[in-house]
Each structure stands twice: as C-alpha cells, then as structure tokens.
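Engineer: Structure in structure tokens, see below.
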Amino acid sequence: MSLLVLRFAALFYAGAVTAYVLYFARPRHQALATAGQWLLAVAFLVHAAAIGLGCKEYGGAEFFGLRGGLVFMTWLAAGASLVVQRLYRIPAVGAFVTPLILVVLLPTLFLVKPDFPEVLPEAVRLPMLTVHIVTALLGVALFAMASLVAVMYLLQEREVKGKRFGALFSRLPSLAALDQLNQRLVRAGFVVYTVALLTGSAMAKVVWKSAWQWDPQQVSSLVIWLLYAAMVQLRHTGWHGRRFALLTIVAFGLVLGSMVTLNVLPAGFTRHAGDFSGARK
Amino acid sequence: MNSGRELHLVGLSHKSAPVAVREKVALGGDALKEALAGLAARPGVGEAMVVSTCNRVECYVYGESLEEARHFFLARTGEAEGHLYERSGREAVRHLFRVAASLDSMVVGEPQILGQVKEAYGMAASAETAGAFVSRLCNRAFATAKRVRNETEIARGAGSVSQVAVELVEKIFGNLEGRAVLLVGAGKMGALSAKALRDLGADRVLVTNRSPERAAALAAEIGAVAEPWDALTSLLALADVVIVSTGAPTYVITRELAAQVMKARRGRSVCFIDLAVPRNVDPACGEQDNVYAYDIDDLQRVVSQTHAARAEEAIRAEAIVEAEVMAFAQERETRAALPVLAELRRHAEEIARAEAERTLAHLGGKLDEKGRKSVEAMAHAIVNKLLHGPTARLKEAAASGDSELPGAAAELFGVGENENPRARSRPEKDSGAAAHPESHR
C-alpha cells in the first residue's frame with residue numbers, strides 16, 4: 001500500500017520536474033514555475049502519506065535500511081526545497097533540485113524487498129534515535145542541495161567571467177544570490193548535522209557505554225563535521241564565491257564517499273542495530 | 001459618411017532629419033497643447049495628435065488633407081522642408097502602429113517609445129483634439145505594441161552599452177541595495193551607466209576625476225558625491241562597481257592595484273567596467289577570484305548580438321502589425337456601415353409599427369387578442385424580409401472595404417446621417433478623456 005502511494009508521489013515529482021525544467025527553458029512563462037511549486041507541494045504531501053503508511057506497515061523499522069533512508073531523505077529534501085522556494089523565490093533552483101530528488105527516489109519504487117530488520121532491537125528504541133535519523137538525513141539533504149547550488153554558481157560564474165552571456169546567463173540567478181543561498185544551506189546543514197552528531201554519540205554512550213569508539217563511521221562523521229565547521233568559519237573571514245562553491249562540492253563528495261564506502265545508509269543503522277542487538281552488554 | 005476624412009501623417013525622425021532640424025520642431029508641455037489646439041482649429045482638421053520625442057516629431061491629423069500637418073512643421077521652421085515624410089490612410093495607421101511597437105526606433109525594441117506615444121495621446125486628449133477616431137486608433141496601437149512585446153522576443157536582451165553594464169552588474173550582485181558605485185573619469189557613457197545603476201537602487205554613487213572641478217560638476221549632474229583623485233585606492237576598496245572612463249593613455253587600474261584592493265576588500269566581489277579607449281583597466285585583473293573586468297568591446301559585442309536577434313524578431317513583429325492594421329481598417333469600415341443599417345432598420349420598423357397601429361385602430365374591436373398579435377407579427381415579418389437582402393449586402397460591403405454602398409444606401413432610403421456622429425462617438429475604454437464629437441471645429 002505504502003509503495004503504491006509512493007509511486008503516486010513519484011508521479012507528482014515527475015510533474016514538478018517537468019514544470020521546472022520547462023520553466024528553465026522558457027523563463028517567460030512564469031506560470032510554469034508556479035505549477036512546479038504546487039506540484040512539488042502535492043508530491044511532498046503524498047510522499048508524507050506514503051511514509052506514514054510505511055510506518056504503520058513496518059513499525060518504523062523501515063528507515064533503518066537503504067530504501068527507507070532514501071525515501072525519508074528525498075522527502076526531507078523536498079520539504080527543504082519548498083521552504084527555500086518560499087524564502088528566496090528562485091525557481092531556477094527547482095530545475096536543479098527536483099530532478100535529483102526524483103532520481104534518488106526512483107530505485108525505491110522498485111526495490112520492494114525489505115532490507116531492514118524485522119523487529120527493531122529493544123536497545124535502540126530510544127526517542128533519541130528518531131531525532132538522530134531525522135537530523136542526519138536532513139543534514140545530508142541540505143548538504144546535497146548546497147552542492148547543487150554551488151554547481152549553479154560555478155556554471156553562472158563561467159558565463160559571467162567568460163563573457164558569454166548566453167542562455168544560461170539569463171536563466172541562472174545572480175552570483176550573489178547563489179552564493180548567499182549556498183552559504184545559508186551549508187550553515188543550516190551544519191547546525192542540523194551537529195545535532196545528529198551529538199545524538200549519535202549520546203546513543204553510543206548509552207549502548208556502548210562510551211561516546212567515542214574510533215568506529216570508522218564515527219571518525220568519518222567527525223571529519224565531515226570538522227570540514228563543514230571550517231567552512232562556516234572561513235565564511236566569516238571573507239571566503240566566498242568560487243572557492244566556497246568548490247569547497248561545498250568537495251565536502252559533499254566526501255559525504256557521499258563515506259556513505260558508499262562505509263555503507264552508512266544501507267547498513268549503518270542496521271550494522272549498529274546488529275551491534276546493539278549483539279552481545280555488547 | 002465622412003468619406004473625405006482620413007488619417008494623415010507628416011513627420012520627421014532620426015532617419016530623415018538631423019538633430020539640428022529635429023530640435024527646432026520638437027515641443028512639449030503647454031507649447032504642444034497650444035499647437036494642438038491651433039491645429040485642430042484649422043479648417044478640414046477633425047482630430048489631431050503630435051508625437052514629440054528626441055528622435056521624432058510626428059503630426060497625425062484626422063481630416064481632409066495632409067496640408068495642415070505639413071503646415072504644422074513648415075510654420076515652425078522652413079528647414080523641415082525636404083526632411084518630412086508623408087503618409088495617408090492605411091499607411092499612416094501602419095506607421096503609428098510600427099512606432100508604438102518600437103519597430104521604427106533607433107534601437108529597435110527599446111521600451112520607452114510606447115510610453116511616449118501614450119503621453120502624446122494623453123496630451124491630445126487633454127487638449128481635446130483627440131476624438132473618437134484617434135482614441136480608437138491609439139487603443140489599437142497600444143494593443144499592437146503589447147502583442148508585439150508579448151509574442152515576440154523583440155524587447156529581450158540589452159540594447160545599449162549602459163543596459164549591458166546594468167545587466168552584468170545585476171547578474172553579479174543581484175540586488176544593488178547597499179552597494180556603492182564609483183565612477184572614475186568624466187566620460188559621458190560612464191555617467192550614463194552610473195545613472196542607470198543609481199536608478200537600480202545603488203546606495204552611493206561616488207565620482208572621482210583628475211580635475212576636481214569636473215568631478216564636482218558631474219557629481220552634481222547625476223546626483224553623486226565627488227571625491228578627490230588622490231583617494232582612488234581607498235575609494236576602490238569601498239566600491240562594488242567601478243566604471244572607468246578617463247582619457248588616460250595607460251592602465252589606471254593595474255593588476256597590482258586590483259590585487260591590493262581585493263586584499264583591502266577582504267575578497268568581496270568587485271566589477272570593473274572599462275569604457276575608455278585606450279583601455280584603463282588591465283584585462284588581467286579579471287583573472288583573480290571574484291574580480292570581474294569588462295571592456296567596451298565586451299559590452300559592444302553583447303549589444304550587437306542583441307541587435308541581430310532583434311532584427312530577426314522584427315520580421316515576426318511586422319506580421320503582427322500588419323494583421324492589426326488590417327483588423328483596424330476592417331473594424332472601421334464595419335463601424336461606418338453599422339449606423340446606416342441601424343438607422344435603416346429603425347426607420348422601417350417605425351413605419352411598420354405605425355401602419356399596424358393604424359390598421360388595428362381601423363378594425364376597432366373586430367379582432368381578438370390573437371388577431372391583433374398576428375397583424376403586428378405580419379408587419380414585423382415584412383420589414384425583416386424586405387431588409388434581409390440589403391442588410392446582408394451592406395455588411396458584406398463593409399467587411400470588404402467598400403465604403404460607397406453604405407452612403408448610397410443612406411441616400412436611397414432617405415435615412416440621414418446627421419445625427420450619426422454623436423451616436424458613434426462612444427468613449428473608448430481607458431481612453432483617459434471623454435471623446436468628443438467629430439463636429440469639433
């Protein structure tokens with residue numbers, strides 16, 4: 001049932017992608033941007049319904065697997081981009097963000113086999129866990145959006161510096177707007193990610209009796225956190241523009257890399273859950 | 001019928017006359033109002049409107065000949081002779097539509113001309129020289145301009161160097177609020193661009209020049225603050241947009257100076273726009289992060305790209321204008337025939353009703369309600385049947401542009417058109433002023 005609803009949500013996302021991309025191609029048709037925003041809002045609501053149904057069906061354990069993680073993260077990203085549209089009114093961002101949401105969501109529509117533990121282990125049934133998962137996923141979603149905006153910045157900078165003034169030049173927003181949005185997304189992501197890190201180590205303390213274990217996931221999370229902390233700090237000393245955009249992309253590359261190599265998303269929680277349910281007493 | 005009345009146009013523009021002549025005939029404000037009133041008071045002139053901008057002066061007259069419009073120019077200066085162009089009828093309508101749609105402008109697609117034509121119409125309306133015809137004509141011209149603007153890309157892109165500069169600055173800084181603009185040197189184009197940027201919302205405009213007197217004069221002219229030339233380095237650290245147009249033969253802003261400035265600005269973006277020839281800004285400045293440097297050639301290239309693109313769009317715009325001219329002519333002819341038709345029908349129905357009444361009175365009470373109704377219906381039916389042919393024929397004639405038949409019909413059936421003009425001079429929507437009867441003399 002939840003899968004069916006999710007597929008419906010995907011249809012609306014596809015509609016939003018179409019509207020935003022068409023708007024990008026024909027910026028004179030303002031109505032397309034409005035349509036994109038409404039379709040995205042509907043998709044977000046249907047997606048929420050799918051998540052709610054999923055929780056009912058699987059008891060919340062769903063989000064411990066790769067599939068559930070992606071479903072939840074795309075939902076958060078959609079919500080975040082709705083907020084960004086509301087605050088900044090740069091519809092061009094929609095043409096970059098919504099396709100990514102759809103692409104990440106697509107595999108979950110066909111990956112039906114559950115890849116999560118049937119029953120959530122008793123040890124990790126903490127309210128903190130929910131906070132941890134939500135903030136970690138939201139942090140990653142915000143970093144992903146920041147890096148997309150950084151890509152937009154680099155594209156626009158190439159137009160402006162290269163004196164090309166072509167189609168992209170007129171369609172992409174100003175460098176100042178992109179730079180500011182990038183910086184704010186990084187800052188918001190950093191705050192959220194900090195919460196994820198704190199709840200994560202608090203849980204580790206509860207389960208492992210120690211907040212720091214030199215666990216590879218803990219180490220990489222800390223490195224990523226330090227990198228973003230450095231970026232937030234550098235901003236104050238005048239870092240901006242091209243270098244900041246490049247750094248945003250590199251940092252998100254690191255996030256992705258650690259997710260893939262450490263299997264954080266698919267197994268991270270599962271692995272930990274396994275640890276938790278295992279013999280560690 | 002006003003068969004003798006047509007739209008006539010006499011004018012001169014940047015295409016036909018040098019500025020020395022244009023400035024002698026250009027006029028505005030009260031002088032224009034007076035001239036309009038004088039023009040409309042002349043015999044054979046029904047309505048009049050004058051479009052006067054720095055690029056063109058055009059006198060539109062709805063009347064019997066274009067002599068009065070010619071006189072309007074020749075009375076102002078004899079030099080106008082030989083620079084004037086003349087159009088009548090549909091050609092004149094087309095000309096106005098093309099002007100309003102910015103197809104006849106020096107920079108095709110520039111947006112100001114529509115406002116200027118609207119102003120000209122407002123002026124004529126307030127001088128009470130714009131009647132029903134000019135109102136309809138102008139409304140159609142504005143609608144045409146709007147269509148051209150919406151349906152073609154003719155107004156896209158930047159059409160002048162200062163517009164390109166503005167667009168660039170917008171793409172770099174977005175909103176100009178809280179930004180400072182520095183004008184180095186007292187070139188004319190630089191002043192124009194600085195003015196445009198200030199209009200966009202730049203907080204501060206600073207001017208500096210080797211000669212403090214010229215800096216002060218220019219600052220007063222564009223509403224800026226004059227600063228001493230010695231403070232250039234610290235001024236550069238302040239300004240986000242620097243427009244350079246000095247007469248210096250070498251780079252005023254060298255790579256080293258730019259690097260030094262960037263250090264002082266703690267990396268905040270800066271945009272150098274070099275309008276000088278020979279160049280005053282080392283192009284190598286732009287190689288640094290967050291430094292954007294453009295010279296006159298870069299801007300000029302964009303302008304010529306825009307012009308090429310607009311020339312292509314102009315072909316589509318001309319088609320729209322043509323369609324609107326046709327539609328206007330057709331509407332006008334239909335309108336000319338309609339009063340005759342209405343009058344004819346009213347006349348016939350009056351006769352039928354009177355005859356039916358007389359018959360009924362004659363028959364007295366011999367008819368019941370049903371019989372009375374039948375007599376009335378019969379009279380009405382006879383009118384309809386009789387008029388069916390002429391009605392169709394008149395409508396056809398109107399649509400195909402035949403203006404003789406309606407006149408002939410009016411004469412043949414003895415329906416006067418003396419009271420027609422009043423019936424026709426309904427005020428157009430948002431015409432701004434009540435249209436007045438064509439009998440204005």
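Following the order of the structure tokens, first chain is A, next is B, and so on, with residues numbered from 1 inside each chain and ligands from 1 in the order they appear.
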Check every residue of chain B for an atom within 9 Å of chain A, counting only C-alpha atoms, and provide those that qualify as number ranges by chain.
Structural biologist: B: 157, 168-175, 265-269, 286-287, 289-294, 298-299, 302
Engineer: Please write the residues from the selection above to a file, keeping C-alpha atoms, as a short mmCIF file (atom, residue, chain, number, x, y, z; two decimals), in the first residue's frame.
Structural biologist:
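What follows is the written file out-v4.cif:
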```
data_model
loop_
_atom_site.label_atom_id
_atom_site.label_comp_id
_atom_site.auth_asym_id
_atom_site.auth_seq_id
_atom_site.Cartn_x
_atom_site.Cartn_y
_atom_site.Cartn_z
CA GLY B 157 18.41 41.45 -24.25
CA LEU B 168 26.04 42.37 -15.93
CA VAL B 169 26.10 44.09 -12.58
CA GLU B 170 22.71 42.57 -11.77
CA LYS B 171 23.99 39.07 -12.56
CA ILE B 172 26.98 39.57 -10.32
CA PHE B 173 25.48 41.41 -7.38
CA GLY B 174 21.77 40.75 -7.76
CA ASN B 175 20.17 43.50 -5.78
CA ARG B 265 38.10 44.37 0.50
CA ARG B 266 38.76 41.01 2.14
CA GLY B 267 37.82 39.27 -1.04
CA ARG B 268 34.43 40.88 -1.59
CA SER B 269 33.50 40.83 -5.28
CA GLY B 286 39.73 39.63 -14.21
CA GLU B 287 41.92 36.57 -13.68
CA ASP B 289 38.92 35.35 -7.94
CA ASN B 290 35.82 37.49 -7.52
CA VAL B 291 37.17 40.22 -9.78
CA TYR B 292 35.10 40.80 -12.89
CA ALA B 293 36.54 43.04 -15.58
CA TYR B 294 34.92 44.07 -18.84
CA ASP B 298 32.84 43.04 -24.41
CA LEU B 299 29.81 45.22 -23.89
CA VAL B 302 26.53 41.94 -26.48
#
```
Engineer: Out of range 47-219 of chain A, which residues get alpha helix (DSSP H) from DSSP, as a PyMOL selection string?
Structural biologist: chain A and resi 47-58+66-88+91-110+127-161+167-171+175-208+216-219
Engineer: Got a sec: who's within 10 Å of range 232-237 of chain B, counting only C-alpha atoms, leaving out chain neighbours fewer than 4 positions off, as a PyMOL selection string?
Structural biologist: chain B and resi 180-184+206-209+227-228+241-242+252-253+257-258+260-266+268+270+272
Engineer: Neighbours of Arg198 in chain B within 9 Å (only C-alpha atoms; same-chain residues fewer than 3 positions away dropped), as a list of chain:residue names?
Structural biologist: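 The neighbour list is B:Leu176, B:Val181, B:Ser193, B:Ala194, B:Lys195, B:Gly201, B:Ala202, B:Asp203, B:Arg204, B:Val205, B:Ile222, B:Gly223, B:Ala224.
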Engineer: So that I have them on file, write out the residues from the current selection with N, CA and C atoms, as an mmCIF file, in the first residue's frame.
Structural biologist:
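File produced: part-v4.cif:
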```
data_model
loop_
_atom_site.group_PDB
_atom_site.id
_atom_site.type_symbol
_atom_site.label_atom_id
_atom_site.label_comp_id
_atom_site.auth_asym_id
_atom_site.auth_seq_id
_atom_site.Cartn_x
_atom_site.Cartn_y
_atom_site.Cartn_z
ATOM 1 N N LEU B 176 21.117 45.730 -5.954
ATOM 2 C CA LEU B 176 22.187 46.713 -5.774
ATOM 3 C C LEU B 176 22.079 47.465 -4.456
ATOM 4 N N VAL B 181 28.798 52.513 -6.041
ATOM 5 C CA VAL B 181 29.279 52.606 -7.416
ATOM 6 C C VAL B 181 30.297 53.743 -7.478
ATOM 7 N N SER B 193 25.913 55.171 -17.460
ATOM 8 C CA SER B 193 25.844 53.883 -16.775
ATOM 9 C C SER B 193 25.686 54.082 -15.278
ATOM 10 N N ALA B 194 26.424 55.040 -14.728
ATOM 11 C CA ALA B 194 26.335 55.290 -13.289
ATOM 12 C C ALA B 194 24.921 55.703 -12.916
ATOM 13 N N LYS B 195 24.333 56.514 -13.769
ATOM 14 C CA LYS B 195 22.969 56.960 -13.549
ATOM 15 C C LYS B 195 22.016 55.767 -13.541
ATOM 16 N N GLY B 201 19.033 51.263 -7.730
ATOM 17 C CA GLY B 201 18.981 51.154 -6.281
ATOM 18 C C GLY B 201 20.329 51.184 -5.595
ATOM 19 N N ALA B 202 21.416 51.491 -6.328
ATOM 20 C CA ALA B 202 22.722 51.593 -5.686
ATOM 21 C C ALA B 202 22.668 52.686 -4.623
ATOM 22 N N ASP B 203 23.229 52.373 -3.461
ATOM 23 C CA ASP B 203 23.119 53.295 -2.338
ATOM 24 C C ASP B 203 23.926 54.566 -2.543
ATOM 25 N N ARG B 204 25.166 54.356 -3.010
ATOM 26 C CA ARG B 204 26.056 55.503 -3.109
ATOM 27 C C ARG B 204 26.699 55.531 -4.475
ATOM 28 N N VAL B 205 26.752 56.677 -5.067
ATOM 29 C CA VAL B 205 27.498 56.849 -6.300
ATOM 30 C C VAL B 205 28.585 57.877 -6.029
ATOM 31 N N ILE B 222 24.619 64.041 -11.887
ATOM 32 C CA ILE B 222 23.985 62.722 -11.738
ATOM 33 C C ILE B 222 23.623 62.412 -10.288
ATOM 34 N N GLY B 223 23.732 63.388 -9.429
ATOM 35 C CA GLY B 223 23.338 63.158 -8.041
ATOM 36 C C GLY B 223 24.295 62.250 -7.307
ATOM 37 N N ALA B 224 25.596 62.519 -7.438
ATOM 38 C CA ALA B 224 26.611 61.694 -6.795
ATOM 39 C C ALA B 224 27.465 62.547 -5.865
#
```
Engineer: Show which residues sit within 7 Å of His8 in chain B, as a list in words. Count only C-alpha atoms, and ignore same-chain residues fewer than 6 positions away.
Structural biologist: Tyr60, Val61, Tyr62, Ser65, Leu66, Arg87, Ser88, Gly89 and Ala92 of chain B
Engineer: Per DSSP on the backbone, what are the strand (DSSP E or B) residues of range 171-206 of chain B, as a PyMOL selection string?
Structural biologist: chain B and resi 180-184+204-206
Engineer: Pick from B:Met189, B:Cys59, B:Ile113, B:Val303: nearest to Gly159 in chain B, with only C-alpha atoms counted?
Structural biologist: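 Distance minimum relative to Gly159 in chain B lands on B:Val303.
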Engineer: If I take CA of Ala9 in chain A and CA of Thr130 in chain A, how far is one from the other in Å, to one decimal?
Structural biologist: 23.3 Å
Engineer: I want to know what sits within 9 Å of Tyr88 in chain A, based on only C-alpha atoms, with residues of the same chain fewer than 4 positions away left out; could you give that as a list in words?
Structural biologist: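 Contacts, with the query itself left out: Val83, Val84, Ala177 and Leu181 of chain A.
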Engineer: So which residues touch Val97 in chain A within 12 Å, counting only C-alpha atoms, skipping near sequence neighbours fewer than 5 positions away, as an MDAnalysis selection string?
Structural biologist: chainID A and resid 13 16:17 20:21 36:37 40 74 77:82 84:85 90:92 102:104 141:152
Engineer: Could you check how far CA of Leu275 in chain B sits from CA of Val244 in chain B, in Å to one decimal?
Structural biologist: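 CA of Val244 in chain B lies at a distance of 6.0 Å from CA of Leu275 in chain B.
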